[in-house]
file work03.cif (mmCIF, C-alpha atoms)
data_final
#
loop_
_atom_site.label_atom_id
_atom_site.label_comp_id
_atom_site.auth_asym_id
_atom_site.auth_seq_id
_atom_site.Cartn_x
_atom_site.Cartn_y
_atom_site.Cartn_z
CA ALA J 1 127.71 130.37 45.06
CA GLN J 2 129.17 133.66 46.34
CA GLU J 3 126.18 134.06 48.66
CA ASP J 4 126.78 130.59 50.10
CA LEU J 5 130.48 131.34 50.62
CA GLY J 6 129.72 134.58 52.40
CA ASP J 7 132.89 136.23 53.73
CA ASP J 8 135.04 133.49 52.27
CA ALA J 9 134.40 134.90 48.82
CA THR J 10 136.67 137.82 49.67
CA LEU J 11 139.77 135.73 50.36
CA ASN J 12 142.96 137.62 49.53
CA ASP J 13 145.69 136.25 47.31
CA SER J 14 147.87 135.06 50.20
CA ASP J 15 145.00 133.03 51.63
CA ARG J 16 144.38 131.44 48.25
CA ASP J 17 148.06 130.63 47.97
CA SER J 18 148.03 128.90 51.36
CA HIS J 19 144.98 126.83 50.47
CA ASP J 20 146.39 125.95 47.08
CA ALA J 21 149.83 125.04 48.50
CA PRO J 22 150.88 121.40 48.00
CA LEU J 23 150.41 119.00 50.87
CA LEU J 24 154.06 117.91 50.70
CA SER J 25 156.78 120.42 51.56
CA THR J 26 159.27 121.52 48.98
CA THR J 27 162.69 119.91 48.76
CA ALA J 28 164.32 122.96 50.37
CA GLN J 29 161.88 122.89 53.28
CA MET J 30 162.38 119.17 53.81
CA SER J 31 166.18 119.58 53.72
CA ALA J 32 165.98 122.37 56.29
CA ARG J 33 163.76 120.29 58.56
CA LYS J 34 166.09 117.31 58.18
CA ALA J 35 169.06 119.50 59.13
CA ASP J 36 167.17 120.77 62.18
CA TYR J 37 166.30 117.22 63.13
CA ASP J 38 169.91 116.04 62.80
CA THR J 39 171.10 118.98 64.90
CA LEU J 40 168.56 118.21 67.61
CA VAL J 41 169.55 114.53 67.62
CA SER J 42 173.24 115.48 67.89
CA GLN J 43 172.65 117.83 70.82
CA THR J 44 170.40 115.35 72.60
CA THR J 45 172.91 112.53 72.13
CA ALA J 46 175.67 114.73 73.51
CA ARG J 47 173.55 115.69 76.52
CA ILE J 48 172.68 112.07 77.34
CA SER J 49 176.30 111.00 76.86
CA GLY J 50 177.47 113.86 79.09
CA THR J 51 175.04 112.84 81.83
CA GLY J 52 176.31 109.26 81.68
CA ILE J 53 179.94 110.41 81.90
CA ALA J 54 179.07 112.71 84.82
CA LEU J 55 177.48 109.81 86.71
CA GLY J 56 180.55 107.71 86.05
CA TYR J 57 182.85 110.40 87.41
CA PHE J 58 180.66 110.76 90.49
CA ALA J 59 181.01 107.04 91.14
CA GLY J 60 184.76 107.43 90.68
CA ILE J 61 184.83 110.12 93.36
CA VAL J 62 183.01 107.86 95.80
CA ALA J 63 185.43 105.01 95.08
CA LEU J 64 188.46 107.28 95.47
CA ILE J 65 187.20 108.57 98.80
CA LEU J 66 186.88 105.00 100.00
CA THR J 67 190.44 104.21 98.94
CA ILE J 68 191.82 107.29 100.68
CA VAL J 69 190.98 105.77 104.07
CA PRO J 70 193.50 102.87 104.03
CA VAL J 71 196.12 104.98 102.22
CA THR J 72 196.04 107.80 104.77
CA LYS J 73 195.71 105.53 107.80
CA MET J 74 198.68 103.40 106.72
CA GLY J 75 200.91 106.25 105.58
CA GLY J 76 200.80 105.47 101.87
CA SER J 77 202.56 102.13 102.25
CA THR J 78 202.64 99.46 99.57
CA LEU J 79 200.10 97.43 101.53
CA ALA J 80 197.77 100.43 101.59
CA LEU J 81 197.98 100.76 97.81
CA ARG J 82 197.30 97.04 97.44
CA LEU J 83 194.20 97.42 99.61
CA ALA J 84 193.07 100.33 97.43
CA ILE J 85 193.42 98.20 94.29
CA PHE J 86 191.57 95.37 96.03
CA ALA J 87 188.75 97.78 96.93
CA SER J 88 188.39 98.78 93.28
CA GLY J 89 188.00 95.12 92.35
CA VAL J 90 185.30 94.68 94.98
CA TRP J 91 183.58 97.78 93.63
CA TRP J 92 183.45 96.29 90.13
CA ALA J 93 182.17 92.95 91.43
CA VAL J 94 179.39 94.49 93.52
CA PHE J 95 178.07 96.76 90.79
CA THR J 96 178.18 94.00 88.21
CA ILE J 97 175.21 92.47 90.06
CA PRO J 98 172.69 95.23 89.10
CA ALA J 99 173.82 95.01 85.48
CA TRP J 100 173.33 91.24 85.51
CA ALA J 101 169.91 91.58 87.15
CA TRP J 102 168.46 94.51 85.22
CA LEU J 103 169.88 94.38 81.70
CA PRO J 104 167.67 92.37 79.32
CA SER J 105 168.79 88.90 78.37
CA ALA J 106 169.28 87.69 74.81
CA SER J 107 165.91 85.88 74.86
CA GLU J 108 164.15 89.11 75.86
CA VAL J 109 165.79 91.13 73.10
CA ARG J 110 165.48 88.38 70.48
CA PRO J 111 162.60 85.97 71.21
CA ASP J 112 163.81 83.72 68.38
CA VAL J 113 166.96 82.87 70.36
CA GLN J 114 166.21 79.60 72.14
CA SER J 115 169.58 78.80 73.68
CA TRP J 116 172.72 80.75 74.45
CA SER J 117 176.25 79.45 74.26
CA PHE J 118 179.26 81.43 75.48
CA TRP J 119 181.77 79.94 73.06
CA ARG J 120 179.38 80.23 70.13
CA GLU J 121 178.92 83.91 70.87
CA VAL J 122 182.69 84.40 71.16
CA ARG J 123 183.28 82.79 67.77
CA ALA J 124 180.45 84.82 66.24
CA ALA J 125 181.89 88.04 67.71
CA TRP J 126 185.32 87.46 66.14
CA LYS J 127 183.64 86.60 62.84
CA ARG J 128 181.61 89.83 62.92
CA LEU J 129 184.77 91.81 63.73
CA GLY J 130 186.51 90.36 60.68
CA GLN J 131 183.54 91.31 58.50
CA MET J 132 183.59 94.87 59.83
CA LEU J 133 187.30 95.28 59.01
CA ARG J 134 187.03 94.15 55.41
CA TRP J 135 188.30 96.69 52.89
CA THR J 136 184.90 96.91 51.18
CA GLU J 137 183.30 97.81 54.51
CA ILE J 138 185.99 100.41 55.23
CA LYS J 139 185.37 102.02 51.82
CA ARG J 140 181.61 102.09 52.40
CA LEU J 141 181.99 103.74 55.82
CA ASN J 142 185.22 105.64 55.25
CA HIS J 143 184.20 108.61 57.42
CA THR J 144 183.46 106.29 60.32
CA PHE J 145 186.90 104.70 60.00
CA ARG J 146 188.55 108.10 59.69
CA PHE J 147 187.09 108.95 63.06
CA LEU J 148 188.32 105.63 64.46
CA GLY J 149 191.81 106.49 63.22
CA ALA J 150 191.68 109.78 65.12
CA TRP J 151 190.21 108.00 68.14
CA PHE J 152 193.10 105.52 68.06
CA LEU J 153 195.51 108.40 68.66
CA LEU J 154 193.38 110.54 70.96
CA SER J 155 192.25 107.81 73.35
CA ASP J 156 195.86 106.77 73.89
CA GLY J 157 197.02 110.39 74.08
CA PHE J 158 194.51 111.36 76.75
CA THR J 159 195.15 108.32 78.94
CA THR J 160 198.92 108.72 78.53
CA ILE J 161 198.64 112.33 79.67
CA THR J 162 196.99 111.05 82.85
CA SER J 163 199.61 108.40 83.59
CA THR J 164 202.53 110.64 82.61
CA ALA J 165 201.27 113.49 84.78
CA LEU J 166 200.94 111.21 87.81
CA LEU J 167 204.39 109.74 87.22
CA PHE J 168 205.81 113.22 86.73
CA GLY J 169 204.19 114.41 89.95
CA LYS J 170 205.61 111.43 91.84
CA THR J 171 209.18 111.51 90.48
CA GLN J 172 209.78 115.18 89.64
CA LEU J 173 207.50 117.09 92.01
CA HIS J 174 207.81 114.53 94.83
CA MET J 175 204.07 114.50 95.52
CA SER J 176 202.83 112.15 98.22
CA ALA J 177 200.35 109.33 97.60
CA SER J 178 197.59 111.34 99.29
CA ALA J 179 198.34 114.33 97.05
CA LEU J 180 198.16 112.14 93.95
CA ILE J 181 194.81 110.76 95.09
CA LEU J 182 193.64 114.34 95.55
CA VAL J 183 194.68 114.98 91.95
CA GLY J 184 192.44 112.08 90.93
CA LEU J 185 189.56 113.52 92.94
CA LEU J 186 189.98 116.91 91.28
CA VAL J 187 189.99 115.32 87.81
CA ASN J 188 186.79 113.40 88.54
CA ALA J 189 185.01 116.34 90.17
CA SER J 190 185.87 118.72 87.35
CA GLY J 191 184.99 115.96 84.86
CA ILE J 192 181.43 116.08 86.15
CA ALA J 193 181.34 119.83 85.60
CA GLY J 194 182.83 119.53 82.12
CA ALA J 195 180.41 116.81 81.00
CA LEU J 196 177.43 118.92 82.13
CA ILE J 197 178.62 122.39 81.13
CA TRP J 198 179.82 121.78 77.58
CA PRO J 199 176.36 120.76 76.23
CA ARG J 200 175.10 124.17 77.40
CA ILE J 201 178.03 125.85 75.65
CA GLN J 202 177.20 123.87 72.52
CA ARG J 203 173.56 125.00 72.49
CA PHE J 204 174.48 128.63 73.22
CA PHE J 205 176.94 128.91 70.32
CA GLY J 206 175.16 126.43 68.02
CA LEU J 207 178.25 124.24 67.57
CA SER J 208 178.25 120.74 66.12
CA ASN J 209 179.56 117.71 67.98
CA LYS J 210 182.54 117.57 65.62
CA ARG J 211 183.46 121.21 66.29
CA ILE J 212 183.25 120.66 70.05
CA VAL J 213 185.50 117.59 69.83
CA ILE J 214 188.15 119.52 67.88
CA ILE J 215 188.02 122.41 70.38
CA LEU J 216 188.42 119.99 73.29
CA VAL J 217 191.36 118.24 71.62
CA ILE J 218 193.16 121.55 71.09
CA LEU J 219 192.48 122.60 74.69
CA CYS J 220 193.85 119.30 75.98
CA SER J 221 197.06 119.73 73.98
CA LEU J 222 197.75 122.87 76.02
CA ILE J 223 198.47 120.70 79.08
CA PRO J 224 201.60 118.90 77.80
CA LEU J 225 202.52 122.09 75.93
CA TYR J 226 202.52 123.91 79.27
CA GLY J 227 204.81 121.21 80.66
CA CYS J 228 207.22 121.84 77.77
CA LEU J 229 207.57 125.44 78.94
CA GLY J 230 209.52 124.10 81.91
CA PHE J 231 212.58 123.93 79.66
CA LEU J 232 212.59 127.69 79.07
CA PRO J 233 215.19 129.68 81.05
CA VAL J 234 212.52 132.15 82.22
CA PHE J 235 211.13 129.47 84.54
CA ARG J 236 214.46 128.64 86.21
CA GLN J 237 217.48 130.31 87.71
CA ASN J 238 221.14 129.95 86.77
CA ILE J 239 221.76 126.77 88.73
CA PRO J 240 222.85 123.22 87.91
CA ASP J 241 220.19 121.00 86.35
CA ASN J 242 220.23 118.61 89.29
CA ASP J 243 219.09 121.45 91.57
CA LEU J 244 216.46 122.72 89.17
CA LEU J 245 213.48 121.37 91.09
CA THR J 246 214.22 123.14 94.35
CA ALA J 247 214.95 126.53 92.79
CA ALA J 248 212.41 126.63 89.95
CA ARG J 249 209.94 129.46 90.01
CA PHE J 250 206.21 129.09 89.32
CA GLY J 251 205.43 128.20 85.71
CA GLY J 252 206.08 125.36 83.27
CA LEU J 253 204.71 122.73 85.68
CA THR J 254 207.44 123.10 88.28
CA THR J 255 205.29 123.23 91.43
CA GLN J 256 202.67 121.00 93.03
CA GLY J 257 200.13 123.83 92.94
CA GLU J 258 200.29 123.86 89.16
CA MET J 259 199.59 120.15 89.14
CA PHE J 260 196.36 120.70 91.06
CA GLY J 261 195.31 123.50 88.71
CA LEU J 262 196.02 121.43 85.62
CA ALA J 263 194.04 118.54 87.13
CA VAL J 264 190.95 120.76 87.24
CA PHE J 265 191.53 121.99 83.69
CA PHE J 266 192.14 118.48 82.38
CA GLY J 267 189.03 117.12 84.09
CA VAL J 268 186.79 119.79 82.54
CA VAL J 269 188.19 118.98 79.09
CA TYR J 270 188.47 115.20 79.41
CA GLY J 271 185.00 114.69 80.86
CA ALA J 272 183.44 116.55 77.94
CA PHE J 273 185.74 114.84 75.42
CA GLN J 274 184.64 111.38 76.51
CA ALA J 275 180.99 112.38 76.17
CA TYR J 276 181.33 114.11 72.80
CA ALA J 277 183.58 111.49 71.25
CA ARG J 278 180.91 108.87 71.89
CA ALA J 279 178.12 111.19 70.74
CA LEU J 280 179.93 112.03 67.49
CA TYR J 281 180.63 108.35 66.86
CA ALA J 282 176.95 107.55 67.43
CA GLU J 283 176.03 109.78 64.48
CA ILE J 284 178.15 107.91 61.93
CA ILE J 285 177.46 104.25 62.72
CA PRO J 286 174.56 102.11 61.47
CA PRO J 287 171.65 102.80 63.85
CA ALA J 288 170.62 99.18 64.31
CA GLU J 289 174.17 97.90 64.90
CA ALA J 290 175.32 100.10 67.79
CA ALA J 291 176.51 97.20 69.97
CA ARG J 292 179.06 95.79 67.56
CA TRP J 293 180.26 99.21 66.41
CA TYR J 294 180.82 100.37 69.96
CA ALA J 295 182.67 97.12 70.52
CA LEU J 296 184.99 98.16 67.67
CA TYR J 297 185.21 101.58 69.34
CA SER J 298 186.46 99.94 72.53
CA ILE J 299 188.82 97.63 70.64
CA THR J 300 190.36 100.66 68.92
CA ASP J 301 190.77 102.31 72.31
CA LYS J 302 192.42 99.33 74.02
CA SER J 303 194.58 98.32 71.07
CA SER J 304 196.38 101.67 71.20
CA SER J 305 196.70 101.87 74.98
CA PHE J 306 200.25 100.48 75.02
CA VAL J 307 201.75 102.88 72.44
CA GLY J 308 201.81 106.03 74.55
CA PRO J 309 203.21 104.49 77.75
CA LEU J 310 205.81 102.56 75.71
CA VAL J 311 207.11 105.70 73.98
CA VAL J 312 207.01 107.73 77.21
CA GLY J 313 209.00 105.00 78.97
CA LEU J 314 211.60 104.93 76.21
CA ILE J 315 211.92 108.71 76.27
CA ALA J 316 212.35 108.72 80.05
CA ASP J 317 214.97 105.95 79.89
CA VAL J 318 216.99 107.55 77.10
CA THR J 319 216.92 111.14 78.33
CA GLY J 320 216.63 110.59 82.07
CA ASN J 321 213.98 113.32 82.18
CA ILE J 322 210.31 112.46 81.77
CA ARG J 323 209.53 116.08 80.88
CA TYR J 324 210.72 115.37 77.32
CA ALA J 325 207.69 113.10 76.95
CA PHE J 326 205.46 116.17 76.88
CA PHE J 327 206.73 116.97 73.36
CA PHE J 328 205.62 113.52 72.21
CA LEU J 329 202.17 113.97 73.77
CA VAL J 330 201.64 117.31 72.04
CA ALA J 331 202.57 115.78 68.68
CA MET J 332 200.38 112.72 69.25
CA ILE J 333 197.31 114.86 69.92
CA TRP J 334 197.92 117.35 67.11
CA ILE J 335 198.34 114.58 64.53
CA ALA J 336 194.74 113.51 65.21
CA VAL J 337 193.28 116.94 64.41
CA PRO J 338 193.68 116.67 60.59
CA LEU J 339 192.01 113.24 60.73
CA LEU J 340 189.07 114.71 62.60
CA SER J 341 188.79 117.66 60.25
CA VAL J 342 188.27 115.42 57.19
CA VAL J 343 185.40 113.52 58.83
CA ASN J 344 182.22 114.59 57.02
CA VAL J 345 179.52 113.90 59.58
CA ASP J 346 176.60 114.45 57.18
CA GLN J 347 178.04 112.07 54.58
CA GLY J 348 179.06 109.60 57.28
CA ARG J 349 175.54 109.65 58.67
CA GLU J 350 174.04 108.96 55.26
CA ASP J 351 176.52 106.15 54.55
CA ALA J 352 175.72 104.56 57.90
CA ARG J 353 172.00 104.70 57.25
#
call {"tool": "encode", "arguments": {"input": "work03.cif", "output": "structure tokens"}}
result
Amino acid sequence: AQEDLGDDATLNDSDRDSHDAPLLSTTAQMSARKADYDTLVSQTTARISGTGIALGYFAGIVALILTIVPVTKMGGSTLALRLAIFASGVWWAVFTIPAWAWLPSASEVRPDVQSWSFWREVRAAWKRLGQMLRWTEIKRLNHTFRFLGAWFLLSDGFTTITSTALLFGKTQLHMSASALILVGLLVNASGIAGALIWPRIQRFFGLSNKRIVIILVILCSLIPLYGCLGFLPVFRQNIPDNDLLTAARFGGLTTQGEMFGLAVFFGVVYGAFQAYARALYAEIIPPAEAARWYALYSITDKSSSFVGPLVVGLIADVTGNIRYAFFFLVAMIWIAVPLLSVVNVDQGREDAR
């Protein structure tokens, strides 16, 4: 037998161990491979989401450029702003056509569906929403709903920062309509950069989607916090409050130049936040039910959209100074951080599966 084996008869111990090793990997090896797989899926989801957000911001830049034409030609009049709003409606109508033509129909996705009824689908959608919000479902997917609680605050906080900053620039910094449109262009342009750059930062440092989201939230809170610095005496001279704007020195969001700089910073953060919030949510929802869970994601977003503007409006009316609203925005964003920190992505992923 040794003669038939030839050189193979002199196999060392390590070779014998490799040949005698079990076909199935050990539990530790399988766990490590599963962790590597989950990490790769997370990074890939974030990259795809970032690319989609970047494309959306690019389209926003094109639309804004188109609206600048009537605004600048007509001196920023009310009619010019109405035409800009009308152009945005036309934009939505035109680009609804490719979606209608190219997205698969219900019969293509589900061959068993013979007929489609609008009202039947509406009733079924509300029924499914009620089932998703049952207490038993919330307990089963508690990490998913913890994230939705944080998203309820953050989505409203981010959008309120945008509206408050524009209103602040108009009323306190006396920025023209063209300057405010330029702010929008800067946010969109830097949003493209943020959505594409942050996935590279994630891969370089080996950060999870959850860690990136928390970092972005903290960075965004620096914007209203910077606006709060405008109350400090170091950023103003000894003059009456009603003359503060004209005599304020640079710092604390007291000049138009700062508004442009913060627009770039906000765009880099907000573009990445939109991408990573969706990517993180994708990890902790049932894989085969993405449509209805992202519908709940949008419902959570829209249902909170009135809270921030309402509180900001009340603060501005009571105090007569919209700058006080920056304190509220800082608190609103920071409250969401503890909710995010208790989201266990690994457990949430397993529960969703």
call {"tool": "closest_atom_pairs", "arguments": {"input": "work03.cif", "of": "segment 57-133 of chain J", "to": "segment 32-53 of chain J", "cutoff": "12 Å", "atoms": "only C-alpha atoms", "output": "tab-separated table"}}
result
residue	atom	partner	partner_atom	distance
J:Tyr57	CA	J:Ile53	CA	6.2
J:Phe58	CA	J:Ile53	CA	8.6
J:Ala59	CA	J:Ile53	CA	9.9
J:Gly60	CA	J:Ile53	CA	10.4
call {"tool": "atom_distance", "arguments": {"input": "work03.cif", "atom1": "atom CA of Val62 of chain J", "atom2": "atom CA of His174 of chain J"}}
result
25.7 Å
call {"tool": "closest_atom_pairs", "arguments": {"input": "work03.cif", "of": "segment 156-210 of chain J", "to": "segment 251-262 of chain J", "cutoff": "10 Å", "atoms": "all atoms listed in the file", "output": "Markdown table"}}
result
| residue | atom | partner | partner_atom | distance |
| --- | --- | --- | --- | --- |
| J:Ala165 | CA | J:Met259 | CA | 8.1 |
| J:Leu166 | CA | J:Met259 | CA | 9.1 |
| J:Phe168 | CA | J:Met259 | CA | 9.6 |
| J:Gly169 | CA | J:Met259 | CA | 7.4 |
| J:Gln172 | CA | J:Thr254 | CA | 8.4 |
| J:Leu173 | CA | J:Gln256 | CA | 6.3 |
| J:His174 | CA | J:Gln256 | CA | 8.5 |
| J:Met175 | CA | J:Gln256 | CA | 7.1 |
| J:Ala179 | CA | J:Gln256 | CA | 8.9 |
| J:Leu180 | CA | J:Phe260 | CA | 9.2 |
| J:Leu182 | CA | J:Phe260 | CA | 8.2 |
| J:Val183 | CA | J:Phe260 | CA | 6.0 |
| J:Gly184 | CA | J:Phe260 | CA | 9.5 |
| J:Leu186 | CA | J:Phe260 | CA | 7.4 |
| J:Val187 | CA | J:Leu262 | CA | 8.9 |
call {"tool": "write_last_selection", "arguments": {"input": "work03.cif", "atoms": "C-alpha atoms", "output": "mmCIF file, in the frame of the given file"}}
result
data_model
loop_
_atom_site.group_PDB
_atom_site.id
_atom_site.type_symbol
_atom_site.label_atom_id
_atom_site.label_comp_id
_atom_site.auth_asym_id
_atom_site.auth_seq_id
_atom_site.Cartn_x
_atom_site.Cartn_y
_atom_site.Cartn_z
ATOM 1 C CA ALA J 165 201.270 113.490 84.780
ATOM 2 C CA LEU J 166 200.940 111.210 87.810
ATOM 3 C CA PHE J 168 205.810 113.220 86.730
ATOM 4 C CA GLY J 169 204.190 114.410 89.950
ATOM 5 C CA GLN J 172 209.780 115.180 89.640
ATOM 6 C CA LEU J 173 207.500 117.090 92.010
ATOM 7 C CA HIS J 174 207.810 114.530 94.830
ATOM 8 C CA MET J 175 204.070 114.500 95.520
ATOM 9 C CA ALA J 179 198.340 114.330 97.050
ATOM 10 C CA LEU J 180 198.160 112.140 93.950
ATOM 11 C CA LEU J 182 193.640 114.340 95.550
ATOM 12 C CA VAL J 183 194.680 114.980 91.950
ATOM 13 C CA GLY J 184 192.440 112.080 90.930
ATOM 14 C CA LEU J 186 189.980 116.910 91.280
ATOM 15 C CA VAL J 187 189.990 115.320 87.810
#
call {"tool": "closest_residue", "arguments": {"input": "work03.cif", "among": "J:Phe145, J:Trp135, J:Trp119, J:Trp92", "to": "Tyr297 of chain J", "atoms": "only C-alpha atoms"}}
result
J:Phe145
call {"tool": "atom_distance", "arguments": {"input": "work03.cif", "atom1": "atom CA of Asn142 of chain J", "atom2": "atom CA of Ala125 of chain J"}}
result
21.8 Å
call {"tool": "atom_distance", "arguments": {"input": "work03.cif", "atom1": "atom CA of Ala28 of chain J", "atom2": "atom CA of Val213 of chain J"}}
result
29.3 Å
call {"tool": "closest_residue", "arguments": {"input": "work03.cif", "among": "J:Ala288, J:Ala63, J:Ala336, J:Ile181", "to": "Phe95 of chain J", "atoms": "only C-alpha atoms"}}
result
J:Ala63
call {"tool": "closest_residue", "arguments": {"input": "work03.cif", "among": "J:Pro104, J:Gly308, J:Pro70, J:Gly56", "to": "Thr164 of chain J", "atoms": "only C-alpha atoms"}}
result
J:Gly308
